[in-house]
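Structure file model28.csv (CSV, C-alpha atoms) is printed below.
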chain,number,residue,atom,x,y,z
A,1,MET,CA,116.9,83.7,111.5
A,2,GLU,CA,113.7,82.1,110.2
A,3,ILE,CA,110.6,82.0,112.4
A,4,THR,CA,108.5,78.8,112.4
A,5,THR,CA,105.8,79.3,114.9
A,6,ILE,CA,102.9,81.5,113.7
A,7,ASN,CA,101.5,83.1,116.8
A,8,THR,CA,99.3,86.2,117.2
A,9,GLU,CA,102.2,88.7,117.2
A,10,LEU,CA,103.7,87.2,114.1
A,11,VAL,CA,100.4,87.2,112.2
A,12,ALA,CA,99.9,90.9,113.0
A,13,LYS,CA,103.4,91.7,111.9
A,14,MET,CA,103.0,89.7,108.7
A,15,PHE,CA,99.9,91.5,107.8
A,16,LEU,CA,101.4,94.9,108.5
A,17,ALA,CA,104.5,94.0,106.4
A,18,GLY,CA,102.3,92.8,103.6
A,19,ALA,CA,100.4,96.1,103.6
A,20,LYS,CA,103.7,98.1,103.7
A,21,ASN,CA,105.2,96.2,100.8
A,22,LEU,CA,102.0,96.6,98.7
A,23,ASP,CA,102.0,100.3,99.4
A,24,ALA,CA,105.6,100.7,98.3
A,25,LYS,CA,104.8,99.1,95.0
A,26,LYS,CA,101.4,100.6,94.3
A,27,GLU,CA,102.5,103.1,91.6
A,28,TRP,CA,104.2,100.3,89.6
A,29,ILE,CA,101.0,98.2,90.0
A,30,ASN,CA,98.9,101.1,88.7
A,31,GLU,CA,101.0,101.1,85.5
A,32,LEU,CA,100.1,97.5,84.9
A,33,ASN,CA,96.4,98.1,85.2
A,34,VAL,CA,94.7,97.4,81.8
A,35,PHE,CA,92.0,94.8,82.9
A,36,PRO,CA,89.1,95.0,83.4
A,37,VAL,CA,89.3,98.7,82.8
A,38,PRO,CA,92.6,100.6,82.0
A,39,ASP,CA,92.1,103.2,84.7
A,40,GLY,CA,95.5,102.9,86.4
A,41,ASP,CA,94.3,102.6,90.0
A,42,THR,CA,94.6,99.0,90.9
A,43,GLY,CA,97.6,99.5,93.1
A,44,THR,CA,96.1,102.5,94.8
A,45,ASN,CA,92.8,100.7,95.4
A,46,MET,CA,94.5,97.6,96.8
A,47,SER,CA,96.7,99.7,99.0
A,48,MET,CA,93.7,101.7,100.3
A,49,THR,CA,91.9,98.4,101.0
A,50,ILE,CA,94.7,96.8,103.0
A,51,SER,CA,95.6,100.1,104.8
A,52,ALA,CA,92.1,100.2,106.3
A,53,ALA,CA,92.8,96.8,107.9
A,54,LYS,CA,96.3,97.8,108.9
A,55,ARG,CA,95.0,100.5,111.2
A,56,GLU,CA,92.6,98.1,113.0
A,57,VAL,CA,95.3,95.4,113.4
A,58,GLN,CA,97.7,97.9,115.0
A,59,LEU,CA,95.1,98.8,117.6
A,60,MET,CA,94.4,95.2,118.6
A,61,ASP,CA,95.0,93.8,122.1
A,62,SER,CA,98.2,91.7,122.3
A,63,LYS,CA,96.1,88.9,123.9
A,64,ALA,CA,94.1,88.3,120.8
A,65,THR,CA,94.3,84.9,119.1
A,66,VAL,CA,95.6,84.2,115.5
A,67,ALA,CA,92.0,83.7,114.5
A,68,GLU,CA,90.9,87.1,116.1
A,69,VAL,CA,93.7,89.0,114.3
A,70,SER,CA,92.8,87.4,111.0
A,71,LYS,CA,89.1,88.0,111.5
A,72,THR,CA,89.7,91.7,112.4
A,73,ALA,CA,91.9,92.2,109.3
A,74,ALA,CA,89.4,90.4,107.0
A,75,GLY,CA,86.5,92.5,108.3
A,76,ALA,CA,88.3,95.7,107.9
A,77,LEU,CA,89.5,94.7,104.4
A,78,LEU,CA,85.9,94.0,103.4
A,79,ARG,CA,84.6,97.3,104.7
A,80,GLY,CA,87.4,99.3,103.1
A,81,ALA,CA,87.5,97.4,99.8
A,82,ARG,CA,88.1,99.6,96.7
A,83,GLY,CA,87.9,98.4,93.1
A,84,ASN,CA,87.6,94.8,91.8
A,85,SER,CA,91.1,93.7,93.0
A,86,GLY,CA,90.5,95.3,96.4
A,87,VAL,CA,87.3,93.4,96.8
A,88,ILE,CA,88.9,90.1,95.8
A,89,LEU,CA,91.8,90.7,98.1
A,90,SER,CA,89.3,91.2,101.0
A,91,LEU,CA,87.5,88.0,100.1
A,92,LEU,CA,90.7,86.0,100.0
A,93,PHE,CA,91.5,87.2,103.6
A,94,ARG,CA,87.9,86.6,104.6
A,95,GLY,CA,88.1,82.9,103.6
A,96,PHE,CA,91.6,82.8,105.1
A,97,SER,CA,90.4,84.1,108.5
A,98,LYS,CA,87.4,81.7,108.6
A,99,SER,CA,89.8,78.8,108.2
A,100,LEU,CA,91.8,79.9,111.3
A,101,VAL,CA,88.8,80.1,113.6
A,102,GLY,CA,89.6,78.7,117.0
A,103,LYS,CA,93.4,78.5,116.5
A,104,ALA,CA,95.9,80.2,118.8
A,105,GLU,CA,98.7,79.3,116.5
A,106,ALA,CA,99.0,78.2,112.8
A,107,SER,CA,101.0,75.4,111.2
A,108,ALA,CA,102.2,74.9,107.7
A,109,ALA,CA,99.1,72.8,107.0
A,110,ASP,CA,96.9,75.5,108.5
A,111,LEU,CA,98.4,78.0,106.0
A,112,VAL,CA,97.7,75.8,103.1
A,113,ASP,CA,94.1,75.2,104.3
A,114,ALA,CA,93.6,78.9,104.9
A,115,MET,CA,94.8,79.8,101.4
A,116,ASP,CA,92.4,77.2,100.0
A,117,ALA,CA,89.5,78.7,101.9
A,118,GLY,CA,90.4,82.1,100.7
A,119,VAL,CA,90.6,81.0,97.1
A,120,LYS,CA,87.2,79.3,97.3
A,121,ALA,CA,85.6,82.3,99.0
A,122,ALA,CA,86.9,84.6,96.2
A,123,TYR,CA,85.9,82.4,93.3
A,124,LYS,CA,82.4,81.8,94.8
A,125,ALA,CA,81.8,85.5,95.3
A,126,VAL,CA,82.7,86.5,91.7
A,127,MET,CA,79.8,86.0,89.3
A,128,LYS,CA,82.0,85.2,86.3
A,129,PRO,CA,85.6,84.4,87.5
A,130,THR,CA,88.2,85.4,84.9
A,131,GLU,CA,91.4,83.4,84.7
A,132,GLY,CA,94.6,85.3,84.2
A,133,THR,CA,93.7,87.6,87.2
A,134,ILE,CA,94.4,87.7,90.9
A,135,LEU,CA,92.1,84.7,91.2
A,136,THR,CA,94.4,82.5,89.2
A,137,VAL,CA,97.4,83.8,91.1
A,138,ALA,CA,95.9,82.9,94.4
A,139,ARG,CA,94.6,79.5,93.2
A,140,VAL,CA,98.0,78.4,91.8
A,141,ALA,CA,99.6,79.6,95.0
A,142,HIS,CA,97.4,77.2,97.0
A,143,GLU,CA,97.8,74.3,94.5
A,144,GLU,CA,101.6,74.5,94.7
A,145,GLY,CA,101.5,74.7,98.5
A,146,ALA,CA,99.2,71.7,98.7
A,147,LYS,CA,101.4,69.6,96.4
A,148,ALA,CA,104.5,70.4,98.4
A,149,LEU,CA,103.0,70.0,101.9
A,150,THR,CA,104.5,67.1,104.0
A,151,ALA,CA,104.6,66.4,107.7
A,152,GLU,CA,108.1,68.0,107.7
A,153,SER,CA,107.0,71.2,106.0
A,154,THR,CA,107.8,74.4,107.9
A,155,GLU,CA,105.5,77.4,107.8
A,156,THR,CA,108.3,79.6,106.3
A,157,GLY,CA,109.0,77.0,103.6
A,158,ILE,CA,105.4,76.4,102.6
A,159,TRP,CA,104.7,80.1,102.4
A,160,GLN,CA,107.7,80.5,100.1
A,161,THR,CA,106.4,77.6,98.0
A,162,MET,CA,103.0,79.4,97.7
A,163,ILE,CA,104.8,82.7,96.8
A,164,ASP,CA,106.8,80.8,94.1
A,165,GLY,CA,103.5,79.4,92.8
A,166,ALA,CA,101.9,82.8,92.8
A,167,LYS,CA,104.9,84.3,90.8
A,168,LYS,CA,104.7,81.5,88.3
A,169,ALA,CA,101.0,82.1,87.7
A,170,LEU,CA,101.5,85.8,87.5
A,171,ALA,CA,104.1,85.4,84.8
A,172,GLU,CA,101.6,83.3,82.8
A,173,THR,CA,98.7,85.7,83.1
A,174,PRO,CA,99.3,87.3,79.6
A,175,GLU,CA,98.8,83.8,78.1
A,176,LEU,CA,95.4,83.6,79.6
A,177,LEU,CA,94.2,87.2,79.0
A,178,PRO,CA,94.9,88.6,75.5
A,179,VAL,CA,94.5,92.2,76.7
A,180,LEU,CA,97.5,91.7,79.0
A,181,LYS,CA,99.5,90.1,76.2
A,182,LYS,CA,98.7,93.0,73.9
A,183,ALA,CA,99.8,95.5,76.4
A,184,GLY,CA,102.9,93.5,77.4
A,185,VAL,CA,102.1,93.4,81.1
A,186,VAL,CA,101.1,90.9,83.8
A,187,ASP,CA,97.9,91.2,85.8
A,188,ALA,CA,97.9,94.2,88.2
A,189,GLY,CA,95.8,92.6,90.9
A,190,GLY,CA,97.9,89.4,90.8
A,191,ALA,CA,101.0,91.4,91.1
A,192,GLY,CA,99.5,93.1,94.2
A,193,LEU,CA,98.8,89.8,95.8
A,194,VAL,CA,102.4,88.6,95.2
A,195,TYR,CA,103.7,91.8,96.9
A,196,VAL,CA,101.5,91.2,99.9
A,197,MET,CA,102.7,87.6,100.2
A,198,GLU,CA,106.3,88.7,99.8
A,199,GLY,CA,106.0,91.3,102.5
A,200,MET,CA,104.6,88.7,104.9
A,201,GLN,CA,107.5,86.4,104.1
A,202,GLN,CA,110.0,89.1,105.1
A,203,VAL,CA,108.6,88.8,108.7
A,204,PHE,CA,108.9,85.0,108.5
A,205,GLN,CA,112.5,85.5,107.8
A,206,GLY,CA,113.1,88.1,110.5
A,207,GLY,CA,113.8,90.9,108.0
A,208,ALA,CA,110.9,93.3,108.8
A,209,ILE,CA,110.1,92.8,112.4
A,210,MET,CA,112.4,95.5,113.9
A,211,GLU,CA,111.3,98.0,111.3
A,212,LEU,CA,107.6,97.4,112.1
A,213,GLN,CA,108.2,97.6,115.8
A,214,GLU,CA,109.6,101.1,115.3
A,215,GLU,CA,106.6,102.4,113.4
A,216,SER,CA,104.4,104.9,115.1
Give the structure from the file, written as structure tokens.
Amino acid sequence: MEITTINTELVAKMFLAGAKNLDAKKEWINELNVFPVPDGDTGTNMSMTISAAKREVQLMDSKATVAEVSKTAAGALLRGARGNSGVILSLLFRGFSKSLVGKAEASAADLVDAMDAGVKAAYKAVMKPTEGTILTVARVAHEEGAKALTAESTETGIWQTMIDGAKKALAETPELLPVLKKAGVVDAGGAGLVYVMEGMQQVFQGGAIMELQEES
């Protein structure tokens, strides 16, 4: 059963599911890591970054608002950021959380606006943004969501549209970065972002909620 109202509880579960999905794929992401330095730790760094926020979200009061949960996660991500992709992931969430200030719940339009804010924050913070990276994946995700958004759009549907956009951009990263094409891989940071978004979508669709409730 799909869930269409994004309240505080759902935001927390979405974040935890995104963190869990990224952690499960971190070794594979490490194998993709050839840019900017082929040190094989992008998956580990991104997982460590989001895990720092996961702990703080789990400790939050159930009466917190959507904005408060998002702000707590973003702050913890920034403090625990590891590596270039971890820092960019934290900046995406920082912009995302700022867009949700004052909101008790979030709509499909709010999600698109929040992604836009996250993308702008990340691009602004990087001195020389490189296309073909996590930045491109996030930007295209937002662009596809914005194009598809209508008054009838559901939160689940628009998030899936943004995931589809992210996957499309990820598949095209080797065409933008020769080093990726030479190695025959897609961008590691971009792949990490896709896995976070897919983990969140599992909660939207009701697939990860019980599992997360049972975690200690």
Nearest-residue call for A:Gly102, choices A:Lys54, A:Lys128, A:Lys71, A:His142, using only C-alpha atoms: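 Closest residue, counting only C-alpha atoms: A:Lys71.
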Computed interatomic separation between atom CA of A:Ala53 and atom CA of A:Asp41 (Å):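 We find that atom CA of A:Ala53 and atom CA of A:Asp41 lie 18.9 Å from each other.
When only C-alpha atoms are used to measure the gap to A:Thr44, the shortest distance among A:Leu170, A:Leu149, A:Ala188, A:Val112 belongs to A:Ala188.
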Identify which of the residues A:Gly132, A:Gly118, A:Gly75, A:Gly95 lies closest to A:Ala191, counting all atoms listed in the file when measuring atom-to-atom distances.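 Selected residue with least distance to A:Ala191: A:Gly132.
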Of the candidates A:Ser51, A:Gly157, A:Leu135, A:Ala125, which one gets nearest to A:Ala81 if we count only C-alpha atoms? A:Ser51
Wanna dump the stretch 28-142 of chain A-stretch 173-182 of chain A contacts at 9 Å for me, each residue with its shortest atom pair and the distance in Å to one decimal, counting all atoms listed in the file, ordered by chain and number, as JSON lines?
{"residue": "A:Leu32", "atom": "CA", "partner": "A:Leu180", "partner_atom": "CA", "distance": 8.7}
{"residue": "A:Asn33", "atom": "CA", "partner": "A:Leu180", "partner_atom": "CA", "distance": 9.0}
{"residue": "A:Val34", "atom": "CA", "partner": "A:Leu180", "partner_atom": "CA", "distance": 6.9}
{"residue": "A:Phe35", "atom": "CA", "partner": "A:Val179", "partner_atom": "CA", "distance": 7.2}
{"residue": "A:Thr130", "atom": "CA", "partner": "A:Leu177", "partner_atom": "CA", "distance": 8.6}
{"residue": "A:Glu131", "atom": "CA", "partner": "A:Leu176", "partner_atom": "CA", "distance": 6.5}
{"residue": "A:Gly132", "atom": "CA", "partner": "A:Thr173", "partner_atom": "CA", "distance": 4.3}
{"residue": "A:Thr133", "atom": "CA", "partner": "A:Thr173", "partner_atom": "CA", "distance": 6.7}
{"residue": "A:Thr136", "atom": "CA", "partner": "A:Thr173", "partner_atom": "CA", "distance": 8.1}
{"residue": "A:Val137", "atom": "CA", "partner": "A:Thr173", "partner_atom": "CA", "distance": 8.3}
One decimal, in Å: what's the spacing between atom CA of A:Phe96 and atom CA of A:Lys120?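 According to the coordinates, atom CA of A:Phe96 and atom CA of A:Lys120 are separated by 9.6 Å.
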Considering all atoms listed in the file, return as a PyMOL selection string whatever protein or nucleic-acid residues lie within 12 Å of A:Ala141, sequence-local ones (same chain, fewer than 4 positions apart) excluded. chain A and resi 111-116+118-119+134-137+145-148+158-170+190+193-194+197
So the first atom is atom CA of A:Leu77 and the second is atom CA of A:Leu16; what is the distance between them in Å, to one decimal place?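 Distance reported for this atom pair: 12.6 Å.
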Choose the residue, out of A:Gly43, A:Asp110, A:Glu9, A:Arg55, that has the smallest atom-to-atom separation from A:Tyr195; count all atoms listed in the file.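 Closest residue, counting all atoms listed in the file: A:Gly43.
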Add whatever atoms are absent from stretch 162-186 of chain A to reach N, CA, C and O atoms, and provide the output as a short mmCIF file (atom, residue, chain, number, x, y, z; two decimals), in the frame of the given file.
data_model
loop_
_atom_site.label_atom_id
_atom_site.label_comp_id
_atom_site.auth_asym_id
_atom_site.auth_seq_id
_atom_site.Cartn_x
_atom_site.Cartn_y
_atom_site.Cartn_z
N MET A 162 104.25 78.77 98.19
CA MET A 162 103.00 79.40 97.70
C MET A 162 103.38 80.72 96.95
O MET A 162 102.75 81.06 95.94
N ILE A 163 104.37 81.45 97.46
CA ILE A 163 104.80 82.70 96.80
C ILE A 163 105.37 82.29 95.38
O ILE A 163 105.07 82.95 94.37
N ASP A 164 106.19 81.25 95.33
CA ASP A 164 106.80 80.80 94.10
C ASP A 164 105.65 80.41 93.08
O ASP A 164 105.72 80.71 91.88
N GLY A 165 104.61 79.76 93.60
CA GLY A 165 103.50 79.40 92.80
C GLY A 165 102.74 80.62 92.25
O GLY A 165 102.33 80.68 91.08
N ALA A 166 102.58 81.61 93.13
CA ALA A 166 101.90 82.80 92.80
C ALA A 166 102.69 83.58 91.66
O ALA A 166 102.12 84.10 90.69
N LYS A 167 104.01 83.61 91.81
CA LYS A 167 104.90 84.30 90.80
C LYS A 167 104.79 83.57 89.46
O LYS A 167 104.76 84.21 88.40
N LYS A 168 104.79 82.25 89.52
CA LYS A 168 104.70 81.50 88.30
C LYS A 168 103.37 81.76 87.58
O LYS A 168 103.34 81.99 86.36
N ALA A 169 102.29 81.77 88.33
CA ALA A 169 101.00 82.10 87.70
C ALA A 169 100.92 83.49 87.21
O ALA A 169 100.34 83.74 86.14
N LEU A 170 101.51 84.44 87.94
CA LEU A 170 101.50 85.80 87.50
C LEU A 170 102.22 85.99 86.17
O LEU A 170 101.73 86.68 85.27
N ALA A 171 103.36 85.32 86.03
CA ALA A 171 104.10 85.40 84.80
C ALA A 171 103.33 84.85 83.60
O ALA A 171 103.55 85.26 82.45
N GLU A 172 102.40 83.94 83.88
CA GLU A 172 101.60 83.30 82.80
C GLU A 172 100.30 83.99 82.53
O GLU A 172 99.58 83.60 81.61
N THR A 173 99.96 85.03 83.30
CA THR A 173 98.70 85.70 83.10
C THR A 173 98.48 86.26 81.68
O THR A 173 97.36 86.22 81.15
N PRO A 174 99.53 86.77 81.01
CA PRO A 174 99.30 87.30 79.60
C PRO A 174 98.89 86.19 78.66
O PRO A 174 98.28 86.49 77.63
N GLU A 175 99.23 84.93 78.97
CA GLU A 175 98.80 83.80 78.10
C GLU A 175 97.34 83.50 78.26
O GLU A 175 96.74 82.84 77.41
N LEU A 176 96.76 83.93 79.37
CA LEU A 176 95.40 83.60 79.60
C LEU A 176 94.44 84.81 79.31
O LEU A 176 93.25 84.62 79.05
N LEU A 177 94.99 86.01 79.32
CA LEU A 177 94.20 87.20 79.00
C LEU A 177 94.86 87.97 77.85
O LEU A 177 95.89 88.62 78.05
N PRO A 178 94.28 87.89 76.67
CA PRO A 178 94.90 88.60 75.50
C PRO A 178 95.13 90.05 75.70
O PRO A 178 96.10 90.59 75.17
N VAL A 179 94.27 90.73 76.49
CA VAL A 179 94.50 92.20 76.70
C VAL A 179 95.78 92.44 77.42
O VAL A 179 96.44 93.47 77.17
N LEU A 180 96.19 91.54 78.30
CA LEU A 180 97.50 91.70 79.00
C LEU A 180 98.63 91.47 78.02
O LEU A 180 99.62 92.20 78.04
N LYS A 181 98.48 90.44 77.20
CA LYS A 181 99.50 90.10 76.20
C LYS A 181 99.74 91.26 75.24
O LYS A 181 100.87 91.63 74.90
N LYS A 182 98.63 91.84 74.80
CA LYS A 182 98.70 93.00 73.90
C LYS A 182 99.42 94.15 74.46
O LYS A 182 100.20 94.85 73.79
N ALA A 183 99.18 94.39 75.75
CA ALA A 183 99.80 95.50 76.40
C ALA A 183 101.20 95.22 76.94
O ALA A 183 101.93 96.12 77.35
N GLY A 184 101.57 93.93 76.92
CA GLY A 184 102.90 93.50 77.40
C GLY A 184 103.08 93.63 78.88
O GLY A 184 104.17 93.96 79.37
N VAL A 185 102.00 93.33 79.63
CA VAL A 185 102.10 93.40 81.10
C VAL A 185 101.46 92.16 81.72
O VAL A 185 100.77 91.39 81.06
N VAL A 186 101.74 91.98 83.01
CA VAL A 186 101.10 90.90 83.80
C VAL A 186 99.88 91.54 84.49
O VAL A 186 99.70 92.76 84.47
#
